[in-house]
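Novice: The structure follows.
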Amino acid sequence: MESDNTEQDTVIGDLGGVPVEIPRESVHLLQYNGDPGWGEARVGPIPERTYESKIFSFGFDIRYTDGTIYDGPNGKMYREYRQQEGLPDSPWVSVGVSSGKMYHGPGGIDRMGGGTLRGSSVYDPTATYAKLPETQFGLEVYASPGIDPETNTPWRENKYAEDVFIQRDGAGAIITYIKCSNRDVRHPPCIHRFDLEPEMGLDVRVSYSRHVLKDWQQIERVVRKAVLNFRKQ
């Protein structure tokens, strides 16, 4: 996190074209446009941050069941967070926000999802997708088709295979794009992507266990509200 303005309890800047104030104790891996990349040294002093300083990425954790944002290891939620975050169906999800020069622009989720679904590889059958006939949790489902000739089991059961879940708008554009691991592990990971257009120009990436995929709509709604609530009042 930026080390400037440590006496302030909020992070300020321009997030997706909107001035924001974010609780400092809740945000991690904060970067602004112009900051050095990972492993690079800063040249010159840290600029004074204003509401015009463009934020391009940061993360936070939120409990999607009630919208509580984790307030760090010294906060009042630390004990509950530690007790719950390791559960197979943990209500805590990790959020990454990309804006500024990291934002993919309007329609970025459709391009990302469409690129995945159109991709195919003779070298990696788990990167090829076919639409399944039935939806799941209100989402279109895509999975790797065919059989692995070496194991005689479906490619979908390969340890590297992932299912793709898609929500489209009325025009057919992808607006929610989720990839979930098929591994039989305690926390099979899902990565859930959407944007905040037209309210804010940014992309959101949410990580959680596949065990809570059924709640994807609630997760998206709670995360969206949390980010919009960062707007300066």
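Following the order of the structure tokens, chains are lettered A, B, ..., residues in each are numbered from 1, and ligands are numbered from 1.
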Just the alpha helix (DSSP H) stuff from range 31-230 of chain A, please, per backbone DSSP, written as a PyMOL selection string.

Specialist: chain A and resi 78-84+108-118+216-228

Novice: Taking C-alpha atoms for each residue, export the selection above as a compact mmCIF listing (two decimals), in the first residue's frame.

Specialist:
# COMPACT_ATOMS: atom_id res chain seq x y z
CA TYR A 78 -10.18 -9.83 12.57
CA ARG A 79 -11.38 -12.65 14.87
CA GLU A 80 -14.50 -13.42 12.82
CA TYR A 81 -12.55 -13.21 9.58
CA ARG A 82 -9.96 -15.71 10.80
CA GLN A 83 -12.67 -18.09 12.02
CA GLN A 84 -14.64 -18.00 8.77
CA GLY A 108 -14.32 -5.66 -21.76
CA ILE A 109 -16.13 -8.48 -19.95
CA ASP A 110 -17.81 -9.54 -23.19
CA ARG A 111 -14.45 -9.59 -24.98
CA MET A 112 -12.77 -11.61 -22.23
CA GLY A 113 -15.58 -14.14 -21.94
CA GLY A 114 -16.03 -14.41 -25.68
CA GLY A 115 -12.31 -14.96 -26.18
CA THR A 116 -12.36 -17.85 -23.74
CA LEU A 117 -15.40 -19.50 -25.34
CA ARG A 118 -14.04 -19.11 -28.88
CA TRP A 216 -23.17 -15.45 -7.39
CA GLN A 217 -25.98 -12.91 -7.81
CA GLN A 218 -25.85 -11.88 -4.17
CA ILE A 219 -22.04 -11.72 -4.30
CA GLU A 220 -22.12 -9.48 -7.37
CA ARG A 221 -24.82 -7.26 -5.89
CA VAL A 222 -23.01 -6.83 -2.55
CA VAL A 223 -19.62 -6.16 -4.14
CA ARG A 224 -21.13 -3.69 -6.61
CA LYS A 225 -22.81 -1.80 -3.77
CA ALA A 226 -19.60 -1.73 -1.73
CA VAL A 227 -17.56 -0.23 -4.58
CA LEU A 228 -20.25 2.33 -5.40

Novice: Could you pull out the residues in range 46-98 of chain A that DSSP calls strand (DSSP E) from the backbone, as a list in words?

Specialist: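 For range 46-98 of chain A, the strand (DSSP E) set is Ile55, Phe56, Ser57, Phe58, Gly59, Phe60, Asp61, Ile62, Arg63, Thr68, Ile69, Trp92, Val93, Ser94, Val95, Gly96, Val97 and Ser98 of chain A.
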
Novice: Residues near Lys232 in chain A, anyone? I mean within 12 Å using only C-alpha atoms, not counting same-chain ones fewer than 2 positions away, as a PyMOL selection string.

Specialist: chain A and resi 10-15+17-23+51+227-230

Novice: Out of A:Phe58, A:Trp155, A:Tyr129, A:Tyr64, which residue has the shortest atom-to-atom distance to Asp89 in chain A when counting only C-alpha atoms?

Specialist: A:Tyr64

Novice: If I take CA of Ala171 in chain A and CA of Arg156 in chain A, how far is one from the other in Å, to one decimal?

Specialist: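 A separation of 29.3 Å between them.
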
Novice: Against range 98-101 of chain A, which residues of range 6-61 of chain A fall within 6 Å? For each one I want the closest pair of atoms and the distance in Å (one decimal), counting only C-alpha atoms, rows by chain and increasing residue number, as a tab-separated table.

Specialist:
residue	atom	partner	partner_atom	distance
A:Gly16	CA	A:Ser99	CA	5.6
A:Lys54	CA	A:Gly100	CA	6.0
A:Phe56	CA	A:Ser99	CA	4.3
A:Ser57	CA	A:Ser98	CA	4.6

Novice: Can you pull out the residues contacting Leu213 in chain A? Cut-off 9 Å, using only C-alpha atoms, and skip same-chain residues under 5 positions away; I want them as a list of chain:residue names.

Specialist: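 Counting only C-alpha atoms, the residues come to A:Phe137, A:Cys180, A:Cys190, A:Tyr208, A:Ile219.
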
Novice: Find the residue from A:Asn152, A:Ser26, A:Thr126, A:Ser144 that sits nearest to Asn74 in chain A; use only C-alpha atoms when measuring.

Specialist: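 Checking each candidate against Asn74 in chain A, we get A:Ser26 as the closest.
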
Novice: Give the answer as one residue: which of A:Leu30, A:Ile191, A:Val141, A:Leu196 has the shortest atom-to-atom distance to Val212 in chain A, using only C-alpha atoms?

Specialist: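 Once distances to Val212 in chain A are computed over only C-alpha atoms, the minimum belongs to A:Ile191.
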
Novice: So how far away is CA of Ser209 in chain A from CA of His192 in chain A, in Å?

Specialist: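 These two atoms are separated by 10.6 Å.
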
Novice: Counting only C-alpha atoms, what is within 12 Å of Val185 in chain A, bar same-chain residues fewer than 5 positions away, as a PyMOL selection string?

Specialist: chain A and resi 88+159+209-211

Novice: Mind writing the picked residues with N, CA and C atoms as a PDB file, in the first residue's frame?

Specialist:
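Okay, this is what ended up in selection12.pdb:
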ATOM      1  N   PRO A  88     -14.962 -24.227   3.852  1.00  0.00           N
ATOM      2  CA  PRO A  88     -15.204 -24.552   2.437  1.00  0.00           C
ATOM      3  C   PRO A  88     -16.211 -23.614   1.784  1.00  0.00           C
ATOM      4  N   LYS A 159      -7.671 -32.385 -13.962  1.00  0.00           N
ATOM      5  CA  LYS A 159      -7.374 -31.503 -12.829  1.00  0.00           C
ATOM      6  C   LYS A 159      -7.146 -30.057 -13.245  1.00  0.00           C
ATOM      7  N   SER A 209     -14.825 -19.607  -3.213  1.00  0.00           N
ATOM      8  CA  SER A 209     -14.925 -21.050  -3.386  1.00  0.00           C
ATOM      9  C   SER A 209     -16.129 -21.408  -4.251  1.00  0.00           C
ATOM     10  N   ARG A 210     -15.960 -22.436  -5.063  1.00  0.00           N
ATOM     11  CA  ARG A 210     -17.074 -22.893  -5.896  1.00  0.00           C
ATOM     12  C   ARG A 210     -18.266 -23.324  -5.048  1.00  0.00           C
ATOM     13  N   HIS A 211     -18.042 -23.627  -3.804  1.00  0.00           N
ATOM     14  CA  HIS A 211     -19.139 -24.033  -2.924  1.00  0.00           C
ATOM     15  C   HIS A 211     -20.171 -22.917  -2.732  1.00  0.00           C
TER      16      HIS A 211
END

Novice: Within 9 Å of Arg63 in chain A, counting only C-alpha atoms, which residues qualify if same-chain residues fewer than 3 places away don't, as number ranges by chain?

Specialist: A: 66-70, 81, 90-94, 219, 222
